[in-house]
file input21.cif (mmCIF, C-alpha atoms)
data_coords
#
loop_
_atom_site.label_atom_id
_atom_site.label_comp_id
_atom_site.auth_asym_id
_atom_site.auth_seq_id
_atom_site.Cartn_x
_atom_site.Cartn_y
_atom_site.Cartn_z
CA MET A 30 132.25 -0.28 141.13
CA ALA A 31 132.04 -2.75 143.99
CA GLN A 32 130.68 -6.13 143.03
CA PRO A 33 127.50 -7.61 144.55
CA LEU A 34 128.02 -9.64 147.67
CA GLY A 35 126.60 -13.08 148.37
CA THR A 36 124.42 -14.05 151.28
CA GLY A 37 125.41 -14.87 154.83
CA PRO A 38 128.08 -13.11 156.88
CA LEU A 39 131.38 -12.47 155.13
CA GLY A 40 134.45 -13.46 157.10
CA ILE A 41 137.24 -10.87 156.92
CA VAL A 42 140.75 -11.71 158.08
CA ALA A 43 141.96 -8.14 158.46
CA GLY A 44 145.51 -6.87 158.21
CA GLY A 45 146.60 -3.25 158.21
CA GLY A 46 145.56 -0.37 155.97
CA SER A 47 142.18 0.98 154.95
CA LEU A 48 140.93 -1.83 152.71
CA PRO A 49 139.63 -4.07 155.53
CA ARG A 50 137.50 -1.22 156.87
CA ARG A 51 136.18 -0.44 153.38
CA LEU A 52 135.11 -4.06 153.03
CA VAL A 53 133.33 -3.93 156.40
CA GLU A 54 131.51 -0.79 155.25
CA LEU A 55 130.56 -2.42 151.94
CA CYS A 56 128.97 -5.29 153.84
CA ARG A 57 127.06 -2.82 155.97
CA ASP A 58 125.92 -0.75 152.97
CA THR A 59 124.64 -3.82 151.12
CA GLY A 60 122.90 -5.33 154.15
CA ARG A 61 125.28 -8.24 154.50
CA GLY A 62 126.77 -9.18 157.83
CA ALA A 63 130.50 -9.37 158.44
CA PHE A 64 132.67 -11.07 161.03
CA VAL A 65 136.20 -9.72 161.36
CA ILE A 66 139.25 -11.58 162.60
CA ALA A 67 141.46 -8.74 163.83
CA ILE A 68 145.17 -9.49 164.29
CA GLU A 69 146.96 -7.90 167.23
CA GLY A 70 149.70 -5.57 166.09
CA HIS A 71 148.45 -5.47 162.48
CA THR A 72 144.74 -4.57 162.29
CA GLU A 73 143.83 -0.95 162.91
CA PRO A 74 141.29 -0.61 165.75
CA ALA A 75 138.96 1.49 163.56
CA THR A 76 138.52 -1.52 161.28
CA VAL A 77 136.30 -3.31 163.77
CA ASP A 78 134.21 -0.33 164.95
CA GLY A 79 130.59 -1.44 165.02
CA ALA A 80 131.41 -4.84 163.51
CA ASP A 81 131.24 -8.32 164.99
CA HIS A 82 134.84 -9.30 165.52
CA LEU A 83 137.45 -11.27 167.43
CA TRP A 84 140.95 -10.14 168.27
CA VAL A 85 143.63 -12.84 167.98
CA ARG A 86 147.39 -12.89 168.07
CA MET A 87 149.38 -14.40 165.24
CA GLY A 88 149.35 -18.15 165.58
CA GLN A 89 145.85 -18.48 167.11
CA SER A 90 144.30 -20.12 164.06
CA GLU A 91 142.17 -22.61 166.00
CA LYS A 92 140.44 -19.84 167.94
CA ALA A 93 139.87 -17.84 164.75
CA VAL A 94 138.49 -20.77 162.74
CA ARG A 95 136.13 -21.75 165.55
CA ALA A 96 134.80 -18.17 165.82
CA LEU A 97 134.24 -17.90 162.07
CA LYS A 98 132.31 -21.17 161.97
CA ASN A 99 130.23 -20.18 165.01
CA ALA A 100 129.37 -16.92 163.21
CA GLY A 101 128.05 -18.88 160.22
CA VAL A 102 130.78 -17.71 157.84
CA ARG A 103 131.19 -19.60 154.56
CA GLU A 104 132.94 -17.00 152.38
CA LEU A 105 136.24 -15.60 153.61
CA VAL A 106 138.47 -12.74 152.47
CA MET A 107 142.06 -12.12 153.53
CA VAL A 108 142.79 -8.41 153.12
CA GLY A 109 145.32 -5.89 154.40
CA ALA A 110 149.03 -5.89 155.08
CA VAL A 111 150.47 -8.41 157.54
CA LYS A 112 154.17 -8.63 158.23
CA ARG A 113 155.38 -12.21 158.18
CA PRO A 114 156.53 -13.14 161.70
CA SER A 115 159.51 -15.25 162.61
CA MET A 116 158.97 -18.51 164.45
CA THR A 117 160.36 -16.92 167.61
CA GLU A 118 157.67 -14.21 167.45
CA LEU A 119 154.85 -16.76 167.22
CA ARG A 120 153.17 -18.69 169.99
CA PRO A 121 151.41 -21.17 167.70
CA ASP A 122 148.42 -23.10 168.94
CA ARG A 123 147.86 -26.77 168.16
CA MET A 124 146.25 -26.14 164.75
CA THR A 125 149.03 -23.77 163.70
CA MET A 126 151.76 -26.14 164.84
CA LYS A 127 150.16 -28.94 162.83
CA PHE A 128 150.00 -26.63 159.79
CA PHE A 129 153.67 -25.66 160.09
CA ALA A 130 154.74 -29.26 160.55
CA LYS A 131 152.96 -30.16 157.32
CA ILE A 132 154.22 -27.34 155.07
CA GLY A 133 157.64 -26.48 156.48
CA PHE A 134 157.35 -22.83 157.57
CA SER A 135 160.92 -21.78 156.75
CA ALA A 136 161.04 -23.51 153.38
CA LEU A 137 158.34 -21.36 151.75
CA GLY A 138 158.40 -17.82 150.44
CA ASP A 139 155.56 -15.42 151.22
CA ASP A 140 153.35 -16.44 148.30
CA GLY A 141 153.98 -20.12 148.92
CA LEU A 142 153.03 -19.67 152.55
CA LEU A 143 149.90 -17.72 151.70
CA GLY A 144 148.92 -20.34 149.15
CA ALA A 145 149.27 -23.02 151.82
CA VAL A 146 147.14 -20.94 154.20
CA VAL A 147 144.44 -20.62 151.54
CA LYS A 148 144.41 -24.39 150.98
CA ALA A 149 144.23 -25.02 154.72
CA LEU A 150 141.25 -22.67 155.08
CA GLU A 151 139.54 -24.32 152.12
CA GLY A 152 140.11 -27.61 153.89
CA GLU A 153 138.13 -26.19 156.81
CA GLY A 154 135.18 -25.65 154.47
CA PHE A 155 135.59 -21.94 153.72
CA ILE A 156 135.29 -20.42 150.25
CA LEU A 157 138.19 -17.99 149.76
CA ARG A 158 137.51 -14.88 147.71
CA GLY A 159 139.85 -12.14 146.56
CA VAL A 160 139.28 -8.55 147.59
CA ASP A 161 139.35 -7.60 143.89
CA GLU A 162 136.12 -9.57 143.47
CA PHE A 163 134.44 -6.94 145.65
CA PHE A 164 136.40 -3.88 144.50
CA SER A 165 137.16 -4.51 140.84
CA ASP A 166 137.36 -0.74 140.30
CA LEU A 167 140.54 -0.68 142.39
CA LEU A 168 142.48 -2.75 139.84
CA ALA A 169 145.01 -0.71 137.87
CA GLN A 170 144.14 -0.12 134.23
CA GLU A 171 146.67 -0.08 131.43
CA GLY A 172 148.03 3.35 130.55
CA CYS A 173 148.94 6.63 132.21
CA PHE A 174 146.99 7.65 135.32
CA GLY A 175 147.87 11.33 135.59
CA ARG A 176 149.36 14.25 133.68
CA VAL A 177 152.97 13.09 133.71
CA GLU A 178 154.13 10.53 131.15
CA ALA A 179 157.22 8.32 131.04
CA ASP A 180 159.91 9.17 128.52
CA GLU A 181 161.98 6.59 126.64
CA ALA A 182 164.71 6.58 129.31
CA ALA A 183 162.08 5.74 131.92
CA TRP A 184 160.71 2.97 129.70
CA ARG A 185 164.20 1.44 129.52
CA ASP A 186 164.24 1.31 133.32
CA ILE A 187 160.74 -0.17 133.33
CA ARG A 188 161.83 -2.93 130.95
CA ARG A 189 164.81 -3.64 133.19
CA GLY A 190 162.52 -3.64 136.22
CA ILE A 191 160.23 -6.22 134.62
CA GLN A 192 163.21 -8.53 134.15
CA VAL A 193 164.30 -8.11 137.76
CA VAL A 194 160.85 -8.57 139.32
CA ARG A 195 160.18 -11.62 137.15
CA ALA A 196 163.38 -13.22 138.44
CA MET A 197 162.51 -12.30 142.04
CA GLY A 198 158.96 -13.57 141.64
CA ALA A 199 160.14 -16.92 140.30
CA ALA A 200 162.06 -17.32 143.57
CA ASP A 201 159.02 -16.08 145.59
CA VAL A 202 161.02 -13.18 147.02
CA GLY A 203 159.20 -9.90 146.38
CA GLN A 204 157.01 -7.85 144.08
CA ALA A 205 158.95 -4.65 143.48
CA THR A 206 162.27 -3.14 142.50
CA VAL A 207 163.73 0.35 142.01
CA ILE A 208 165.77 0.90 138.85
CA GLN A 209 167.76 4.01 137.90
CA ASP A 210 169.54 4.22 134.57
CA GLY A 211 169.57 0.42 134.38
CA LEU A 212 171.02 0.00 137.88
CA VAL A 213 169.14 -1.96 140.51
CA LEU A 214 169.01 0.34 143.52
CA GLY A 215 166.99 -2.11 145.60
CA VAL A 216 164.60 -5.04 145.57
CA GLU A 217 161.66 -5.69 147.86
CA ALA A 218 161.98 -8.47 150.42
CA VAL A 219 160.27 -8.83 153.79
CA GLU A 220 160.45 -5.10 154.53
CA GLY A 221 157.71 -4.10 152.06
CA THR A 222 157.50 -1.39 149.42
CA ASP A 223 157.49 1.63 151.73
CA ALA A 224 160.71 0.50 153.41
CA LEU A 225 162.24 -0.32 150.03
CA LEU A 226 161.61 3.24 148.87
CA ALA A 227 163.09 4.68 152.07
CA ARG A 228 166.17 2.49 151.64
CA CYS A 229 166.68 3.49 148.00
CA GLY A 230 166.52 7.25 148.56
CA PRO A 231 170.13 7.60 149.79
CA LEU A 232 171.31 5.33 146.93
CA ARG A 233 170.06 7.65 144.19
CA ARG A 234 172.57 8.56 141.47
CA GLU A 235 172.93 11.91 139.72
CA GLY A 236 170.51 12.51 136.86
CA PRO A 237 166.85 11.64 136.36
CA GLY A 238 165.39 9.69 139.26
CA GLY A 239 164.69 5.99 139.30
CA VAL A 240 161.50 4.05 138.67
CA LEU A 241 159.56 1.75 141.01
CA VAL A 242 158.28 -1.33 139.17
CA LYS A 243 155.71 -3.44 141.05
CA LEU A 244 154.26 -6.67 139.61
CA SER A 245 152.52 -9.80 140.78
CA LYS A 246 154.56 -12.98 141.04
CA PRO A 247 154.21 -15.88 138.58
CA GLY A 248 151.31 -17.98 139.85
CA GLN A 249 150.40 -15.24 142.34
CA GLU A 250 147.73 -16.27 144.87
CA ARG A 251 145.33 -13.45 143.97
CA ARG A 252 143.03 -14.20 146.89
CA ALA A 253 145.66 -13.33 149.48
CA ASP A 254 148.38 -10.93 148.37
CA LEU A 255 147.76 -8.76 145.31
CA PRO A 256 150.30 -5.95 144.88
CA THR A 257 148.89 -2.74 146.33
CA ILE A 258 149.81 0.94 146.17
CA GLY A 259 148.30 4.02 147.78
CA VAL A 260 149.06 7.64 148.56
CA ALA A 261 151.87 6.58 150.92
CA THR A 262 153.56 4.79 148.01
CA LEU A 263 153.55 7.99 145.94
CA GLN A 264 154.82 10.02 148.88
CA GLY A 265 157.61 7.52 149.48
CA ALA A 266 158.57 7.54 145.80
CA ALA A 267 158.72 11.33 145.77
CA ALA A 268 160.80 11.41 148.96
CA ALA A 269 163.20 8.89 147.40
CA GLY A 270 163.68 11.13 144.37
CA LEU A 271 162.03 8.77 141.90
CA ARG A 272 160.47 9.97 138.67
CA GLY A 273 157.67 7.46 138.46
CA ILE A 274 155.94 4.19 139.25
CA ALA A 275 154.90 1.35 136.94
CA VAL A 276 152.42 -1.25 138.20
CA GLU A 277 150.88 -4.31 136.61
CA ALA A 278 147.54 -3.56 134.98
CA GLY A 279 144.76 -5.88 136.07
CA ALA A 280 146.77 -7.27 138.97
CA THR A 281 147.59 -4.29 141.23
CA LEU A 282 145.20 -2.61 143.64
CA VAL A 283 145.30 1.20 143.61
CA VAL A 284 143.69 2.34 146.85
CA ASP A 285 141.93 5.73 146.58
CA ALA A 286 142.99 6.28 142.97
CA PRO A 287 141.90 9.97 142.74
CA ALA A 288 144.09 10.87 145.73
CA VAL A 289 146.94 8.75 144.35
CA VAL A 290 146.76 10.48 140.96
CA ALA A 291 146.61 13.90 142.63
CA ALA A 292 149.70 13.04 144.71
CA ALA A 293 151.54 11.90 141.57
CA ASP A 294 150.67 15.08 139.69
CA ARG A 295 151.70 17.30 142.61
CA ALA A 296 155.04 15.53 142.86
CA GLY A 297 155.60 15.50 139.10
CA LEU A 298 155.77 11.69 138.99
CA PHE A 299 154.30 9.44 136.36
CA LEU A 300 152.07 6.51 137.33
CA ILE A 301 151.30 3.94 134.67
CA GLY A 302 149.73 0.52 134.35
CA ILE A 303 151.80 -1.85 132.23
CA ARG A 304 151.37 -5.30 130.71
CA ALA A 305 153.48 -7.78 132.65
CA ASP A 306 153.45 -10.16 129.72
CA ALA A 307 155.24 -7.66 127.48
CA ASP A 308 158.71 -8.77 126.41
CA PRO A 309 161.06 -6.85 128.72
CA ALA A 310 163.96 -7.38 126.32
CA GLY A 311 162.11 -5.88 123.38
CA PRO A 312 160.31 -2.61 122.69
CA VAL A 313 157.50 -1.69 125.05
CA ALA A 314 155.34 0.97 123.54
CA ALA A 315 154.25 3.75 125.85
CA PRO A 316 150.49 3.47 126.47
#
call {"tool": "encode", "arguments": {"input": "input21.cif", "output": "structure tokens"}}
result
Amino acid sequence: MAQPLGTGPLGIVAGGGSLPRRLVELCRDTGRGAFVIAIEGHTEPATVDGADHLWVRMGQSEKAVRALKNAGVRELVMVGAVKRPSMTELRPDRMTMKFFAKIGFSALGDDGLLGAVVKALEGEGFILRGVDEFFSDLLAQEGCFGRVEADEAAWRDIRRGIQVVRAMGAADVGQATVIQDGLVLGVEAVEGTDALLARCGPLRREGPGGVLVKLSKPGQERRADLPTIGVATLQGAAAAGLRGIAVEAGATLVVDAPAVVAAADRAGLFLIGIRADADPAGPVAAP
């Protein structure tokens, strides 16, 4: 169930997807105010319906911070998908330019950048909270979600996937990979999981389909970028000819779990929560 909210308006820096809107509705249902920073080209317009909000373009941090403070926001949540822009796509204001000059924009991976953003916002006096603090029921549990279970061949691919994602995460590259019969069909980079799945479909080999493995990175900044799957992830996996998805239990958000499980069962895919600390080189018992 959703966790109790504090007092005072909650600041919501909203990316894409349905989670930002769900958080706005939770604030409304519990009698807490909300102030939404909506990002042009990322936030869905429905997110801000009936909510106090400000639209900004990427790079307008000074305007956003001023609006949040004027609204009396102390607690702040960053939620929803935001594609990392290139420097040429940004028109950074003075505050953003100062931030980039301090951290070195191009030298950091996504999690490193988000961690720096969190520290900068804390330096402005905000208390950053993770969306999982409000929706703990969205966190994946260990074990099988639906009717379909992974066989031993699938578990071998899962173990291989854990190795690959761990190596990627150490380099702050991505959170997911697709493995088929031990072969790496693709790894997630800036394109995101949906695009990864679309890219891996044509690369499928003969035989049982591959497995998507999605984990958090070592030292993941949980308040900004937890791995997330939804119905679209299951649909993309099915379209790519995969046989299942393994996500990290306790560290992956499953948005609208009943619909996700129903989509997995319809497609004949397994969906399981796994322990990321299991030894990928050794036996991993099926839950």
call {"tool": "resolve_selection", "arguments": {"input": "input21.cif", "expression": "the PyMOL selection byres ((chain A and resi 183) around 10)", "output": "ChimeraX atom specification"}}
result
/A:178-182,184-189,208-211,237-240,272-275,299
call {"tool": "closest_residue", "arguments": {"input": "input21.cif", "among": "A:Glu91, A:Glu153, A:Glu235, A:Glu162", "to": "Lys127 in chain A", "atoms": "all atoms listed in the file"}}
result
A:Glu91
call {"tool": "closest_residue", "arguments": {"input": "input21.cif", "among": "A:Leu55, A:Lys112, A:Leu157, A:Arg123", "to": "Gly40 in chain A", "atoms": "only C-alpha atoms"}}
result
A:Leu157
call {"tool": "residues_around", "arguments": {"input": "input21.cif", "residues": "Gly44 in chain A", "least_positions_apart": "6", "cutoff": "12 Å", "atoms": "all atoms listed in the file", "output": "PDB file with C-alpha atoms, in the frame of the given file"}}
result
ATOM      1  CA  ARG A  50     137.500  -1.220 156.870  1.00  0.00           C
ATOM      2  CA  LEU A  52     135.110  -4.060 153.030  1.00  0.00           C
ATOM      3  CA  VAL A  65     136.200  -9.720 161.360  1.00  0.00           C
ATOM      4  CA  ILE A  66     139.250 -11.580 162.600  1.00  0.00           C
ATOM      5  CA  ALA A  67     141.460  -8.740 163.830  1.00  0.00           C
ATOM      6  CA  ILE A  68     145.170  -9.490 164.290  1.00  0.00           C
ATOM      7  CA  GLU A  69     146.960  -7.900 167.230  1.00  0.00           C
ATOM      8  CA  GLY A  70     149.700  -5.570 166.090  1.00  0.00           C
ATOM      9  CA  HIS A  71     148.450  -5.470 162.480  1.00  0.00           C
ATOM     10  CA  THR A  72     144.740  -4.570 162.290  1.00  0.00           C
ATOM     11  CA  GLU A  73     143.830  -0.950 162.910  1.00  0.00           C
ATOM     12  CA  PRO A  74     141.290  -0.610 165.750  1.00  0.00           C
ATOM     13  CA  ALA A  75     138.960   1.490 163.560  1.00  0.00           C
ATOM     14  CA  THR A  76     138.520  -1.520 161.280  1.00  0.00           C
ATOM     15  CA  VAL A  77     136.300  -3.310 163.770  1.00  0.00           C
ATOM     16  CA  TRP A  84     140.950 -10.140 168.270  1.00  0.00           C
ATOM     17  CA  VAL A  85     143.630 -12.840 167.980  1.00  0.00           C
ATOM     18  CA  ARG A  86     147.390 -12.890 168.070  1.00  0.00           C
ATOM     19  CA  MET A  87     149.380 -14.400 165.240  1.00  0.00           C
ATOM     20  CA  VAL A 106     138.470 -12.740 152.470  1.00  0.00           C
ATOM     21  CA  MET A 107     142.060 -12.120 153.530  1.00  0.00           C
ATOM     22  CA  VAL A 108     142.790  -8.410 153.120  1.00  0.00           C
ATOM     23  CA  GLY A 109     145.320  -5.890 154.400  1.00  0.00           C
ATOM     24  CA  ALA A 110     149.030  -5.890 155.080  1.00  0.00           C
ATOM     25  CA  VAL A 111     150.470  -8.410 157.540  1.00  0.00           C
ATOM     26  CA  LYS A 112     154.170  -8.630 158.230  1.00  0.00           C
ATOM     27  CA  ARG A 113     155.380 -12.210 158.180  1.00  0.00           C
ATOM     28  CA  ALA A 253     145.660 -13.330 149.480  1.00  0.00           C
ATOM     29  CA  ASP A 254     148.380 -10.930 148.370  1.00  0.00           C
TER      30      ASP A 254
END
call {"tool": "resolve_selection", "arguments": {"input": "input21.cif", "expression": "the PyMOL selection byres ((chain A and resi 204-206) around 9)", "output": "list in words"}}
result
Gly190, Ile191, Val193, Val194, Arg195, Met197, Gly198, Asp201, Val202, Gly203, Val207, Ile208, Val213, Leu214, Gly215, Val216, Glu217, Ala218, Gly221, Thr222, Leu225, Val240, Leu241, Val242, Lys243, Leu244, Ser245, Lys246 and Pro256 of chain A
call {"tool": "residues_around", "arguments": {"input": "input21.cif", "residues": "Leu97 in chain A", "least_positions_apart": "4", "cutoff": "8 Å", "atoms": "only C-alpha atoms", "output": "PyMOL selection string"}}
result
chain A and resi 40+64+93+101-102
call {"tool": "write_last_selection", "arguments": {"input": "input21.cif", "atoms": "C-alpha atoms", "output": "PDB file, keeping the file's coordinate frame"}}
result
ATOM      1  CA  GLY A  40     134.450 -13.460 157.100  1.00  0.00           C
ATOM      2  CA  PHE A  64     132.670 -11.070 161.030  1.00  0.00           C
ATOM      3  CA  ALA A  93     139.870 -17.840 164.750  1.00  0.00           C
ATOM      4  CA  GLY A 101     128.050 -18.880 160.220  1.00  0.00           C
ATOM      5  CA  VAL A 102     130.780 -17.710 157.840  1.00  0.00           C
TER       6      VAL A 102
END
call {"tool": "closest_residue", "arguments": {"input": "input21.cif", "among": "A:Gly62, A:Gly230, A:Gly297, A:Val290", "to": "Glu104 in chain A", "atoms": "all atoms listed in the file"}}
result
A:Gly62
call {"tool": "residues_around", "arguments": {"input": "input21.cif", "residues": "range 169-177 of chain A", "least_positions_apart": "2", "cutoff": "12 Å", "atoms": "only C-alpha atoms", "output": "PyMOL selection string"}}
result
chain A and resi 161+164-167+179-180+183+243-244+255-259+272-305+314-316
call {"tool": "atom_distance", "arguments": {"input": "input21.cif", "atom1": "CA of Ala145 in chain A", "atom2": "CA of Phe128 in chain A"}}
result
8.8 Å
call {"tool": "closest_residue", "arguments": {"input": "input21.cif", "among": "A:Gly248, A:Gly144, A:Gly37, A:Gly45", "to": "Ala100 in chain A", "atoms": "only C-alpha atoms"}}
result
A:Gly37
call {"tool": "axis_aligned_box", "arguments": {"input": "input21.cif", "around": "range 262-271 of chain A", "padding_each_side": "6 Å", "output": "lines of an AutoDock Vina configuration file"}}
result
center_x = 158.6
center_y = 8.1
center_z = 145.7
size_x = 22.1
size_y = 18.6
size_z = 19.6
call {"tool": "atom_distance", "arguments": {"input": "input21.cif", "atom1": "CA of Pro38 in chain A", "atom2": "CA of Val146 in chain A"}}
result
20.8 Å
call {"tool": "resolve_selection", "arguments": {"input": "input21.cif", "expression": "the PyMOL selection byres ((chain A and resi 269) around 8)", "output": "PDB file with C-alpha atoms, in the coordinates of the input"}}
result
ATOM      1  CA  LEU A 226     161.610   3.240 148.870  1.00  0.00           C
ATOM      2  CA  ALA A 227     163.090   4.680 152.070  1.00  0.00           C
ATOM      3  CA  CYS A 229     166.680   3.490 148.000  1.00  0.00           C
ATOM      4  CA  GLY A 230     166.520   7.250 148.560  1.00  0.00           C
ATOM      5  CA  PRO A 231     170.130   7.600 149.790  1.00  0.00           C
ATOM      6  CA  ARG A 233     170.060   7.650 144.190  1.00  0.00           C
ATOM      7  CA  GLY A 265     157.610   7.520 149.480  1.00  0.00           C
ATOM      8  CA  ALA A 266     158.570   7.540 145.800  1.00  0.00           C
ATOM      9  CA  ALA A 267     158.720  11.330 145.770  1.00  0.00           C
ATOM     10  CA  ALA A 268     160.800  11.410 148.960  1.00  0.00           C
ATOM     11  CA  GLY A 270     163.680  11.130 144.370  1.00  0.00           C
ATOM     12  CA  LEU A 271     162.030   8.770 141.900  1.00  0.00           C
TER      13      LEU A 271
END
call {"tool": "atom_distance", "arguments": {"input": "input21.cif", "atom1": "CA of Phe155 in chain A", "atom2": "CA of Arg103 in chain A"}}
result
5.1 Å
